[in-house]
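Asks: Okay, so here is my_file.tsv, and as you'll see once you scroll down, it has TSV, C-alpha atoms.
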chain	number	residue	atom	x	y	z
E	293	MET	CA	24.30	-55.64	53.17
E	294	PHE	CA	27.76	-57.17	52.99
E	295	TRP	CA	26.48	-60.22	54.93
E	296	SER	CA	23.56	-60.71	52.56
E	297	ALA	CA	25.76	-60.63	49.46
E	298	SER	CA	28.21	-63.12	50.99
E	299	THR	CA	25.38	-65.44	52.01
E	300	VAL	CA	23.92	-65.44	48.49
E	301	ALA	CA	27.32	-66.13	46.91
E	302	ALA	CA	28.00	-68.98	49.36
E	303	ALA	CA	24.58	-70.54	48.70
E	304	HIS	CA	25.24	-70.62	44.96
E	305	LEU	CA	28.69	-72.12	45.37
E	306	ARG	CA	27.50	-74.83	47.72
E	307	ALA	CA	25.39	-76.13	44.88
E	308	ALA	CA	28.46	-76.38	42.62
E	309	PRO	CA	30.57	-79.60	42.54
E	310	ALA	CA	33.30	-79.89	45.14
E	311	GLY	CA	36.95	-79.52	44.15
E	312	SER	CA	39.54	-76.96	43.39
E	313	THR	CA	37.29	-75.27	40.79
E	314	GLY	CA	34.52	-74.81	43.29
E	315	SER	CA	36.91	-73.39	45.86
E	316	SER	CA	38.25	-70.87	43.29
E	317	SER	CA	34.74	-69.87	42.21
E	318	LEU	CA	33.77	-69.38	45.86
E	319	ASP	CA	36.68	-67.07	46.41
E	320	ASP	CA	35.89	-65.05	43.26
E	321	ALA	CA	32.23	-64.71	44.16
E	322	THR	CA	33.08	-63.71	47.68
E	323	GLU	CA	35.47	-61.06	46.40
E	324	LYS	CA	32.90	-59.67	43.93
E	325	ALA	CA	30.21	-59.57	46.55
E	326	THR	CA	32.54	-57.84	48.94
E	327	ASN	CA	33.47	-55.22	46.31
E	328	ALA	CA	29.82	-54.62	45.37
E	329	ALA	CA	28.76	-54.26	48.95
E	330	GLY	CA	31.63	-51.92	49.63
E	331	TRP	CA	30.80	-49.76	46.58
E	332	VAL	CA	27.17	-49.55	47.59
E	333	GLN	CA	28.13	-48.75	51.17
E	334	GLU	CA	30.47	-46.01	49.99
E	335	ASN	CA	28.02	-44.35	47.59
E	336	TRP	CA	24.61	-44.77	49.15
E	337	GLY	CA	25.11	-41.64	51.19
E	338	THR	CA	25.94	-39.64	48.03
E	339	TRP	CA	22.90	-41.03	46.29
E	340	LEU	CA	20.65	-40.17	49.17
E	341	THR	CA	22.09	-36.65	49.35
E	342	SER	CA	21.69	-36.10	45.61
E	343	GLY	CA	18.12	-37.39	45.64
E	344	LEU	CA	17.19	-35.10	48.50
E	345	GLN	CA	18.85	-32.16	46.73
E	346	ILE	CA	16.96	-32.87	43.49
E	347	LEU	CA	13.67	-33.22	45.36
E	348	LEU	CA	14.30	-29.98	47.23
E	349	ILE	CA	15.18	-28.15	43.98
E	350	LEU	CA	12.01	-29.35	42.26
E	351	VAL	CA	9.81	-28.46	45.23
E	352	ILE	CA	11.32	-24.97	45.48
E	353	ALA	CA	10.96	-24.41	41.70
E	354	VAL	CA	7.32	-25.52	41.63
E	355	VAL	CA	6.37	-23.47	44.69
E	356	LEU	CA	8.23	-20.38	43.44
E	357	ARG	CA	6.64	-20.66	39.99
E	358	HIS	CA	3.17	-20.99	41.50
E	359	VAL	CA	3.69	-18.02	43.82
E	360	ILE	CA	5.05	-15.74	41.09
E	361	ARG	CA	2.36	-16.65	38.57
E	362	ARG	CA	-0.35	-16.14	41.18
E	363	THR	CA	1.14	-12.78	42.15
E	364	ILE	CA	1.18	-11.66	38.52
E	365	THR	CA	-2.42	-12.80	38.04
E	366	LYS	CA	-3.58	-10.93	41.16
E	367	LEU	CA	-1.76	-7.79	39.97
E	368	ILE	CA	-3.43	-7.97	36.56
E	369	GLU	CA	-6.86	-8.48	38.13
E	370	ARG	CA	-6.29	-5.49	40.38
E	371	MET	CA	-5.36	-3.35	37.38
E	372	ASN	CA	-8.53	-4.44	35.59
E	373	ARG	CA	-10.69	-3.63	38.61
E	374	THR	CA	-9.12	-0.18	38.86
E	375	ALA	CA	-9.81	0.49	35.18
E	376	ALA	CA	-13.39	-0.75	35.51
E	377	ALA	CA	-13.97	1.52	38.52
E	378	ALA	CA	-12.54	4.52	36.67
E	379	GLN	CA	-14.75	3.74	33.68
E	380	GLY	CA	-17.83	4.60	35.72
E	381	THR	CA	-16.77	8.20	36.33
E	382	ALA	CA	-17.20	11.02	33.81
E	383	LEU	CA	-13.50	11.81	33.49
E	384	GLY	CA	-12.52	8.16	33.63
E	385	GLY	CA	-14.96	7.27	30.89
E	386	LEU	CA	-13.33	9.94	28.75
E	387	LEU	CA	-9.72	8.98	29.38
E	388	VAL	CA	-9.85	5.25	30.07
E	389	ASN	CA	-10.95	2.46	27.76
E	390	ALA	CA	-11.69	-0.57	29.92
E	391	GLU	CA	-11.41	-3.09	27.09
E	392	ARG	CA	-8.16	-1.54	25.96
E	393	ARG	CA	-6.73	-1.68	29.48
E	394	ARG	CA	-7.95	-5.24	29.93
E	395	GLN	CA	-6.33	-6.54	26.75
E	396	ARG	CA	-3.13	-4.67	27.44
E	397	SER	CA	-2.88	-5.99	31.00
E	398	GLU	CA	-3.72	-9.54	29.90
E	399	ALA	CA	-1.02	-9.46	27.25
E	400	ILE	CA	1.55	-8.12	29.69
E	401	GLY	CA	0.52	-10.72	32.28
E	402	SER	CA	0.83	-13.54	29.74
E	403	VAL	CA	4.34	-12.43	28.80
E	404	LEU	CA	5.42	-12.08	32.43
E	405	ARG	CA	4.04	-15.48	33.39
E	406	SER	CA	5.74	-17.18	30.45
E	407	VAL	CA	9.07	-15.51	31.18
E	408	ALA	CA	8.86	-16.39	34.88
E	409	SER	CA	8.04	-20.05	34.15
E	410	PHE	CA	10.86	-20.35	31.60
E	411	VAL	CA	13.47	-18.79	33.88
E	412	ILE	CA	12.49	-20.74	37.00
E	413	MET	CA	12.07	-24.16	35.40
E	414	GLY	CA	15.12	-23.70	33.19
E	415	THR	CA	17.28	-22.81	36.17
E	416	ALA	CA	15.90	-25.78	38.12
E	417	ALA	CA	16.67	-28.17	35.23
E	418	LEU	CA	20.27	-26.95	34.95
E	419	THR	CA	20.71	-27.21	38.72
E	420	VAL	CA	19.43	-30.82	38.71
E	421	LEU	CA	21.86	-31.73	35.92
E	422	SER	CA	24.73	-30.19	37.85
E	423	VAL	CA	23.77	-32.20	40.95
E	424	LEU	CA	23.89	-35.37	38.81
E	425	LYS	CA	27.49	-34.47	37.83
E	426	ILE	CA	26.54	-34.04	34.16
E	427	ASN	CA	28.80	-31.77	32.15
E	428	LEU	CA	26.70	-28.84	31.02
E	429	ALA	CA	29.20	-27.36	28.56
E	430	PRO	CA	28.22	-29.56	25.56
E	431	LEU	CA	24.53	-29.14	26.38
E	432	LEU	CA	24.76	-25.36	26.56
E	433	ALA	CA	26.80	-25.25	23.36
E	434	SER	CA	24.22	-27.38	21.54
E	435	ALA	CA	21.40	-25.25	22.89
E	436	GLY	CA	23.19	-22.12	21.70
E	437	VAL	CA	23.64	-23.51	18.18
E	438	ALA	CA	20.00	-24.66	18.10
E	439	GLY	CA	18.85	-21.24	19.31
E	440	VAL	CA	20.81	-19.50	16.56
E	441	ALA	CA	19.37	-21.85	13.93
E	442	ILE	CA	15.82	-21.32	15.20
E	443	GLY	CA	16.43	-17.58	15.34
E	444	PHE	CA	17.47	-17.49	11.69
E	445	GLY	CA	14.60	-19.72	10.61
E	446	ALA	CA	11.91	-17.90	12.59
E	447	ARG	CA	13.34	-14.39	12.57
E	448	ASN	CA	10.07	-12.90	11.30
E	449	LEU	CA	8.14	-14.58	14.12
E	450	VAL	CA	10.64	-13.34	16.71
E	451	THR	CA	10.52	-9.83	15.23
E	452	ASP	CA	6.72	-9.78	15.34
E	453	PHE	CA	6.68	-11.03	18.93
E	454	LEU	CA	9.25	-8.53	20.23
E	455	SER	CA	7.59	-5.65	18.36
E	456	GLY	CA	4.23	-6.61	19.86
E	457	VAL	CA	5.68	-6.74	23.37
E	458	PHE	CA	7.16	-3.25	23.10
E	459	MET	CA	4.03	-1.82	21.47
E	460	ILE	CA	1.95	-3.08	24.39
E	461	LEU	CA	4.42	-1.99	27.06
E	462	GLU	CA	4.72	1.49	25.55
E	463	ASP	CA	0.94	1.72	25.03
E	464	GLN	CA	1.35	2.99	21.48
E	465	TYR	CA	-2.27	2.11	20.69
E	466	GLY	CA	-5.11	0.06	22.09
E	467	VAL	CA	-8.58	-1.29	21.38
E	468	GLY	CA	-10.84	1.43	20.02
E	469	ASP	CA	-8.04	3.66	18.76
E	470	GLU	CA	-8.08	4.87	15.17
E	471	ILE	CA	-4.58	4.49	13.81
E	472	ASP	CA	-2.64	4.83	10.58
E	473	ALA	CA	-0.18	1.93	10.47
E	474	GLY	CA	1.20	2.73	7.04
E	475	VAL	CA	0.07	-0.54	5.46
E	476	ALA	CA	-3.54	-0.03	6.62
E	477	THR	CA	-5.75	2.50	8.39
E	478	GLY	CA	-8.68	1.76	10.67
E	479	THR	CA	-9.97	1.16	14.17
E	480	VAL	CA	-8.09	-1.28	16.41
E	481	ILE	CA	-10.32	-4.20	17.44
E	482	GLU	CA	-7.65	-6.51	18.90
E	483	VAL	CA	-4.02	-6.17	19.95
E	484	GLY	CA	-1.92	-9.33	20.04
E	485	LEU	CA	1.71	-10.13	20.59
E	486	ARG	CA	2.16	-11.11	16.94
E	487	VAL	CA	-0.77	-9.63	14.99
E	488	THR	CA	-2.88	-6.48	15.32
E	489	LYS	CA	-6.44	-6.49	13.91
E	490	LEU	CA	-7.88	-3.33	12.34
E	491	ARG	CA	-11.33	-2.64	10.94
E	492	GLY	CA	-11.04	-0.40	7.91
E	493	PRO	CA	-13.44	2.38	6.89
E	494	ASN	CA	-15.26	0.02	4.50
E	495	GLY	CA	-15.65	-2.69	7.15
E	496	ALA	CA	-12.73	-4.86	6.04
E	497	ILE	CA	-10.66	-6.47	8.82
E	498	TRP	CA	-6.90	-6.10	8.38
E	499	TYR	CA	-4.44	-8.47	10.05
E	500	ILE	CA	-1.14	-6.62	10.42
E	501	ARG	CA	2.02	-8.32	11.63
E	502	ASN	CA	3.60	-6.20	14.33
E	503	GLY	CA	7.05	-6.57	12.79
E	504	GLU	CA	5.86	-4.92	9.56
E	505	VAL	CA	4.70	-1.73	11.28
E	506	LYS	CA	7.38	0.93	10.83
E	507	ARG	CA	5.35	3.91	12.03
E	508	ILE	CA	2.10	4.48	13.91
E	509	GLY	CA	-0.15	7.50	13.64
E	510	ASN	CA	-2.64	7.39	16.51
E	511	LEU	CA	-5.64	9.58	15.81
E	512	SER	CA	-7.33	8.82	19.14
E	513	GLN	CA	-4.76	10.00	21.66
E	514	GLY	CA	-4.71	13.52	23.07
E	515	TRP	CA	-7.17	15.54	21.02
E	516	SER	CA	-8.32	16.08	17.45
E	517	THR	CA	-8.97	19.18	15.37
E	518	ALA	CA	-12.15	19.83	13.41
E	519	ALA	CA	-11.31	22.12	10.47
E	520	VAL	CA	-13.93	23.71	8.18
E	521	ASP	CA	-13.34	26.07	5.25
E	522	VAL	CA	-16.16	28.53	4.46
E	523	VAL	CA	-16.00	30.02	0.95
E	524	LEU	CA	-17.80	33.39	0.69
E	525	ALA	CA	-18.37	35.80	-2.13
E	526	ALA	CA	-15.78	38.55	-2.23
E	527	ASP	CA	-18.36	41.34	-1.74
E	528	GLN	CA	-19.74	39.97	1.58
E	529	ASP	CA	-19.25	41.61	4.99
E	530	LEU	CA	-16.42	39.55	6.53
E	531	GLN	CA	-16.89	40.92	10.07
E	532	ARG	CA	-20.57	40.00	10.00
E	533	ALA	CA	-19.68	36.56	8.70
E	534	ARG	CA	-17.10	36.16	11.47
E	535	ASP	CA	-19.57	37.11	14.18
E	536	THR	CA	-22.24	34.82	12.73
E	537	ILE	CA	-19.89	31.81	12.61
E	538	THR	CA	-18.67	32.47	16.17
E	539	ALA	CA	-22.26	32.66	17.44
E	540	ALA	CA	-23.16	29.41	15.65
E	541	GLY	CA	-20.16	27.67	17.23
E	542	ALA	CA	-21.06	28.97	20.69
E	543	GLU	CA	-24.61	27.69	20.32
E	544	MET	CA	-23.32	24.32	19.17
E	545	SER	CA	-20.98	23.99	22.18
E	546	LYS	CA	-23.97	24.34	24.54
E	547	SER	CA	-26.11	21.58	22.99
E	548	GLU	CA	-25.95	17.82	23.50
E	549	PRO	CA	-23.83	15.83	22.68
E	550	TRP	CA	-21.51	18.44	21.21
E	551	ASN	CA	-20.82	20.04	24.58
E	552	GLU	CA	-18.77	16.93	25.51
E	553	GLN	CA	-17.09	16.54	22.15
E	554	LEU	CA	-16.02	20.17	21.81
E	555	TRP	CA	-13.12	20.84	24.15
E	556	GLU	CA	-12.56	24.48	23.14
E	557	PRO	CA	-14.75	27.18	21.60
E	558	VAL	CA	-15.10	27.28	17.83
E	559	GLU	CA	-12.59	29.79	16.50
E	560	VAL	CA	-12.46	31.67	13.20
E	561	LEU	CA	-8.79	31.67	12.31
E	562	GLY	CA	-9.09	34.21	9.50
E	563	LEU	CA	-8.71	34.27	5.75
E	564	SER	CA	-6.81	31.37	4.27
E	565	GLU	CA	-7.40	32.21	0.57
E	566	VAL	CA	-8.31	35.39	-1.28
E	567	HIS	CA	-9.35	35.33	-4.94
E	568	LEU	CA	-10.88	37.80	-7.32
E	569	ASP	CA	-14.47	36.72	-6.63
E	570	THR	CA	-14.20	34.49	-3.52
E	571	VAL	CA	-12.60	34.48	-0.07
E	572	THR	CA	-12.11	31.50	2.25
E	573	LEU	CA	-12.55	31.64	6.03
E	574	SER	CA	-10.82	28.93	8.10
E	575	VAL	CA	-12.75	27.67	11.14
E	576	ALA	CA	-11.26	25.23	13.67
E	577	ALA	CA	-12.16	23.65	17.00
E	578	LYS	CA	-10.39	21.25	19.36
E	579	THR	CA	-12.46	18.09	19.85
E	580	MET	CA	-12.46	14.77	21.64
E	581	PRO	CA	-10.15	12.23	19.97
E	582	GLY	CA	-11.80	10.44	17.07
E	583	LYS	CA	-14.80	12.82	16.96
E	584	ALA	CA	-13.47	15.42	14.52
E	585	ALA	CA	-15.36	14.12	11.47
E	586	GLY	CA	-18.77	14.26	13.17
E	587	VAL	CA	-18.07	17.71	14.60
E	588	GLU	CA	-17.05	18.99	11.16
E	589	ARG	CA	-20.30	17.80	9.55
E	590	GLU	CA	-22.47	19.36	12.27
E	591	LEU	CA	-20.46	22.58	12.19
E	592	ARG	CA	-20.91	22.95	8.42
E	593	TRP	CA	-24.64	22.43	8.84
E	594	ARG	CA	-24.97	25.09	11.54
E	595	ILE	CA	-22.71	27.59	9.77
E	596	LYS	CA	-24.70	27.30	6.54
E	597	ARG	CA	-28.01	27.88	8.32
E	598	ALA	CA	-26.62	30.80	10.36
E	599	LEU	CA	-25.14	32.53	7.29
E	600	ASP	CA	-28.39	32.16	5.37
E	601	ALA	CA	-30.31	33.67	8.28
E	602	ALA	CA	-27.82	36.57	8.51
E	603	GLY	CA	-27.98	37.30	4.79
E	604	VAL	CA	-24.36	36.35	4.13
E	605	HIS	CA	-24.09	34.51	0.85
E	606	LEU	CA	-21.66	31.77	0.05
E	607	ALA	CA	-19.70	31.91	-3.17
E	608	PRO	CA	-21.38	30.15	-6.09
E	609	ARG	CA	-19.66	27.13	-7.48
E	610	PRO	CA	-17.51	28.18	-10.43
E	611	VAL	CA	-18.85	27.10	-13.79
E	612	PRO	CA	-16.20	25.82	-16.19
E	613	ASP	CA	-15.77	27.94	-19.33
E	614	GLU	CA	-17.38	26.57	-22.42
E	615	GLU	CA	-14.90	25.38	-24.97
E	616	GLU	CA	-14.77	27.48	-28.10
E	617	GLU	CA	-16.03	25.69	-31.15
E	618	LEU	CA	-13.22	25.18	-33.58
E	619	PRO	CA	-13.91	25.29	-37.33
E	620	ALA	CA	-14.36	21.95	-38.98
E	621	ALA	CA	-11.16	20.54	-40.29
E	622	ASP	CA	-10.67	20.41	-44.05
E	623	ALA	CA	-11.29	16.85	-45.19
E	624	THR	CA	-8.87	17.26	-48.07
E	625	ALA	CA	-6.03	18.35	-45.81
E	626	THR	CA	-5.05	14.78	-45.14
E	627	ILE	CA	-5.17	13.70	-48.80
E	628	ALA	CA	-1.80	13.54	-50.54
E	629	ALA	CA	-1.24	15.56	-53.72
E	630	PRO	CA	-1.59	13.61	-57.01
E	631	SER	CA	1.64	12.24	-58.39
E	632	ALA	CA	2.90	13.24	-61.82
E	633	LEU	CA	3.66	9.60	-62.50
E	634	SER	CA	-0.01	8.73	-62.41
E	635	ASN	CA	-0.51	10.47	-65.80
E	636	PRO	CA	1.02	8.26	-68.55
E	637	THR	CA	1.35	11.20	-70.97
E	638	SER	CA	3.39	13.33	-68.57
E	639	PRO	CA	7.10	13.77	-69.25
E	640	GLN	CA	7.88	12.19	-65.89
E	641	ALA	CA	5.90	9.07	-66.72
E	642	GLN	CA	7.47	8.79	-70.17
E	643	ALA	CA	10.96	9.29	-68.74
E	644	VAL	CA	10.59	6.29	-66.51
E	645	GLU	CA	9.34	3.94	-69.23
E	646	PRO	CA	11.71	1.01	-69.72
E	647	LEU	CA	13.98	1.08	-72.76
E	648	ALA	CA	13.27	-1.35	-75.57
E	649	ALA	CA	15.60	-4.33	-75.76
E	650	ALA	CA	18.31	-4.20	-78.46
E	651	PRO	CA	17.81	-6.60	-81.44
E	652	LYS	CA	19.93	-9.72	-81.45
E	653	SER	CA	22.60	-9.97	-84.20
E	654	VAL	CA	22.38	-12.89	-86.64
E	655	PRO	CA	25.67	-14.79	-87.09
Take the structure from the file and write it as structure tokens.

Replies:
Amino acid sequence: MFWSASTVAAAHLRAAPAGSTGSSSLDDATEKATNAAGWVQENWGTWLTSGLQILLILVIAVVLRHVIRRTITKLIERMNRTAAAAQGTALGGLLVNAERRRQRSEAIGSVLRSVASFVIMGTAALTVLSVLKINLAPLLASAGVAGVAIGFGARNLVTDFLSGVFMILEDQYGVGDEIDAGVATGTVIEVGLRVTKLRGPNGAIWYIRNGEVKRIGNLSQGWSTAAVDVVLAADQDLQRARDTITAAGAEMSKSEPWNEQLWEPVEVLGLSEVHLDTVTLSVAAKTMPGKAAGVERELRWRIKRALDAAGVHLAPRPVPDEEEELPAADATATIAAPSALSNPTSPQAQAVEPLAAAPKSVP
């Protein structure tokens, strides 16, 4: 390399005019070529080493990112297959919602893949910059300031995202659950990292930002309670009514599809209200989550038919008392009394008459 640079410099100087100026230019060119060749010879090893290091860092980062993302994807697919297999069993179909598990696992997998890619590629980029002898302190400081500015500007978006991540990880609710989110109530049809979609009782779809949800009431987890109040006349046989209601509940628990929705026998809890002409019996049953309303309607139907067959009468609906007719108001009650001033011959009217003007004196 040194020989090539010297040859090129000598070739250029041979074309220049002879003399002291040409000799000086030849010496300067030779010196510059020598310095350039020496600098290249001194640093080419460093450049080669740095290039190989950068290439190795990029290869390792790409391979590691691919392996981790593939591992996460395989794990999520395995979780979905397990949920789908459990869905086919009787107990699994009761306890596992395949769509809910699928959306939850997909959301978790998306978050994990994004975090893994950001950490791996970010670390690789910083390592490459350090290999190139670039000072990272100003860059990190600028990134910190930019991150704070973005955090203040998009704090609602960050809050929604973090709230969605923790809701999914903690499995607070899922697709198919009936929840009370405070701002809206309905059935969950989609769970996202930023927004949750609910279908209300009237069919309206509610889009709720996860950061706005302060409390969650899940009506589909665990079990529900079907509660029915039976109002009887006060003179009815309560023990006979109790036995009749218990028999109706036992018959209901043996028929389809109520045998799956009723998790415990129908129980008469006792008297909840006692009035002069009516008494109220409280009836309750533990049901499958989200099925309490249907069980209550069917239970009322069966109890009414059973009580009619047993001769136990329900209390009649109270009739509101008729309002007593008040006497007609006197039309003259709102008329003001006549004023004494309205009569010009009255002393009051004469007393207020203006005095006659005094006659003017003649000079």

Asks: Around stretch 453-458 of chain E, with edges along x, y and z and 6 Å added on all six sides, what centre and edge lengths do you get, in Å to one decimal, as lines of an AutoDock Vina configuration file?

Replies:
center_x = 6.7
center_y = -7.1
center_z = 20.9
size_x = 17.0
size_y = 19.8
size_z = 17.0

Asks: Which residue out of E:Arg501, E:Arg597, E:His567, E:Lys546 has the minimum interatomic distance to E:Asp527 when all atoms listed in the file are used?

Replies: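 For E:Asp527, the nearest of the candidates is E:His567.
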
Asks: For the atom pair atom CA of E:Thr419 and atom CA of E:Ile349, what is the interatomic distance in Å to one decimal place?

Replies: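 These atoms are spaced 7.7 Å apart.
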
Asks: I'd like the neighbourhood of E:Leu454 as a list in words, where a residue qualifies if any of its atoms comes within 12 Å (using only C-alpha atoms), though same-chain residues fewer than 4 positions away should be ignored.

Replies: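 So, after excluding close chain neighbours, the residues are Val403, Arg447, Asn448, Leu449, Val450, Phe458, Met459, Ile460, Leu461, Gly484, Leu485, Arg486, Val487, Arg501, Asn502, Gly503 and Glu504 of chain E.
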
Asks: Quick one: everything within 10 Å of E:Glu552, counting only C-alpha atoms, minus sequence neighbours fewer than 6 positions away in the same chain. Send it as a ChimeraX atom specification.

Replies: /E:386,545-546,579-580

Asks: Excluding same-chain residues fewer than 3 positions from E:Glu398, what lies within 9 Å of it counting only C-alpha atoms, as a ChimeraX atom specification?

Replies: /E:365,368-369,393-395,401-403

Asks: What does the distance from atom CA of E:Val520 to atom CA of E:Leu561 come to in Å, to one decimal?

Replies: 10.3 Å

Asks: State, in Å with one decimal place, the distance from atom CA of E:Leu367 to atom CA of E:Ser409.

Replies: 16.7 Å

Asks: What's the 7 Å shell around E:Ala525, counting all atoms listed in the file, without same-chain residues fewer than 4 positions away, as a short mmCIF file (atom, residue, chain, number, x, y, z; two decimals) with C-alpha atoms, in the coordinates of the input?

Replies:
data_model
loop_
_atom_site.label_atom_id
_atom_site.label_comp_id
_atom_site.auth_asym_id
_atom_site.auth_seq_id
_atom_site.Cartn_x
_atom_site.Cartn_y
_atom_site.Cartn_z
CA ASP E 569 -14.47 36.72 -6.63
CA THR E 570 -14.20 34.49 -3.52
CA VAL E 571 -12.60 34.48 -0.07
CA HIS E 605 -24.09 34.51 0.85
CA LEU E 606 -21.66 31.77 0.05
CA ALA E 607 -19.70 31.91 -3.17
#

Asks: List every protein, DNA or RNA residue with an atom no more than 12 Å from (6.6, -16.0, 32.8) in the file's coordinates, counting all atoms listed in the file, and format the result as a PyMOL selection string.

Replies: chain E and resi 356-365+399-414

Asks: Take the residues just selected and output them with C-alpha atoms as a compact mmCIF listing (two decimals), in the coordinates of the input.

Replies:
# COMPACT_ATOMS: atom_id res chain seq x y z
CA LEU E 356 8.23 -20.38 43.44
CA ARG E 357 6.64 -20.66 39.99
CA HIS E 358 3.17 -20.99 41.50
CA VAL E 359 3.69 -18.02 43.82
CA ILE E 360 5.05 -15.74 41.09
CA ARG E 361 2.36 -16.65 38.57
CA ARG E 362 -0.35 -16.14 41.18
CA THR E 363 1.14 -12.78 42.15
CA ILE E 364 1.18 -11.66 38.52
CA THR E 365 -2.42 -12.80 38.04
CA ALA E 399 -1.02 -9.46 27.25
CA ILE E 400 1.55 -8.12 29.69
CA GLY E 401 0.52 -10.72 32.28
CA SER E 402 0.83 -13.54 29.74
CA VAL E 403 4.34 -12.43 28.80
CA LEU E 404 5.42 -12.08 32.43
CA ARG E 405 4.04 -15.48 33.39
CA SER E 406 5.74 -17.18 30.45
CA VAL E 407 9.07 -15.51 31.18
CA ALA E 408 8.86 -16.39 34.88
CA SER E 409 8.04 -20.05 34.15
CA PHE E 410 10.86 -20.35 31.60
CA VAL E 411 13.47 -18.79 33.88
CA ILE E 412 12.49 -20.74 37.00
CA MET E 413 12.07 -24.16 35.40
CA GLY E 414 15.12 -23.70 33.19

Asks: Out of E:Gly474, E:Val522, E:Arg534, E:Arg594, which residue has the shortest atom-to-atom distance to E:Ser564 when counting only C-alpha atoms?

Replies: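 Ranking E:Gly474, E:Val522, E:Arg534, E:Arg594 by distance to E:Ser564, first place goes to E:Val522.
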
Asks: If we count all atoms listed in the file, what is near E:Arg592 at a cut-off of 12 Å, once residues fewer than 6 positions away on the same chain are taken out, given as a list in words?

Replies: Ala518, Ala519, Val520, Asp521, Val522, Val523, Ile537, Ala540, Gly541, Met544, Val558, Ser574, Val575, Ala576, Ala585, Gly586, Ala598 and Leu599 of chain E

Asks: Please return as a PyMOL selection string every residue within 10 Å of (-4.4, 13.0, 21.5), taking into account all atoms listed in the file and the file's own coordinates.

Replies: chain E and resi 510-517+579-582

Asks: Got time to write the residues from that selection, C-alpha atoms, as a PDB file, in the frame of the given file?

Replies:
ATOM      1  CA  ASN E 510      -2.640   7.390  16.510  1.00  0.00           C
ATOM      2  CA  LEU E 511      -5.640   9.580  15.810  1.00  0.00           C
ATOM      3  CA  SER E 512      -7.330   8.820  19.140  1.00  0.00           C
ATOM      4  CA  GLN E 513      -4.760  10.000  21.660  1.00  0.00           C
ATOM      5  CA  GLY E 514      -4.710  13.520  23.070  1.00  0.00           C
ATOM      6  CA  TRP E 515      -7.170  15.540  21.020  1.00  0.00           C
ATOM      7  CA  SER E 516      -8.320  16.080  17.450  1.00  0.00           C
ATOM      8  CA  THR E 517      -8.970  19.180  15.370  1.00  0.00           C
ATOM      9  CA  THR E 579     -12.460  18.090  19.850  1.00  0.00           C
ATOM     10  CA  MET E 580     -12.460  14.770  21.640  1.00  0.00           C
ATOM     11  CA  PRO E 581     -10.150  12.230  19.970  1.00  0.00           C
ATOM     12  CA  GLY E 582     -11.800  10.440  17.070  1.00  0.00           C
TER      13      GLY E 582
END

Asks: Counting all atoms listed in the file, figure out which residue out of E:Lys489, E:Arg373, E:Lys425, E:Lys366 gets nearest to E:Ser342.

Replies: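 Once distances to E:Ser342 are computed over all atoms listed in the file, the minimum belongs to E:Lys425.
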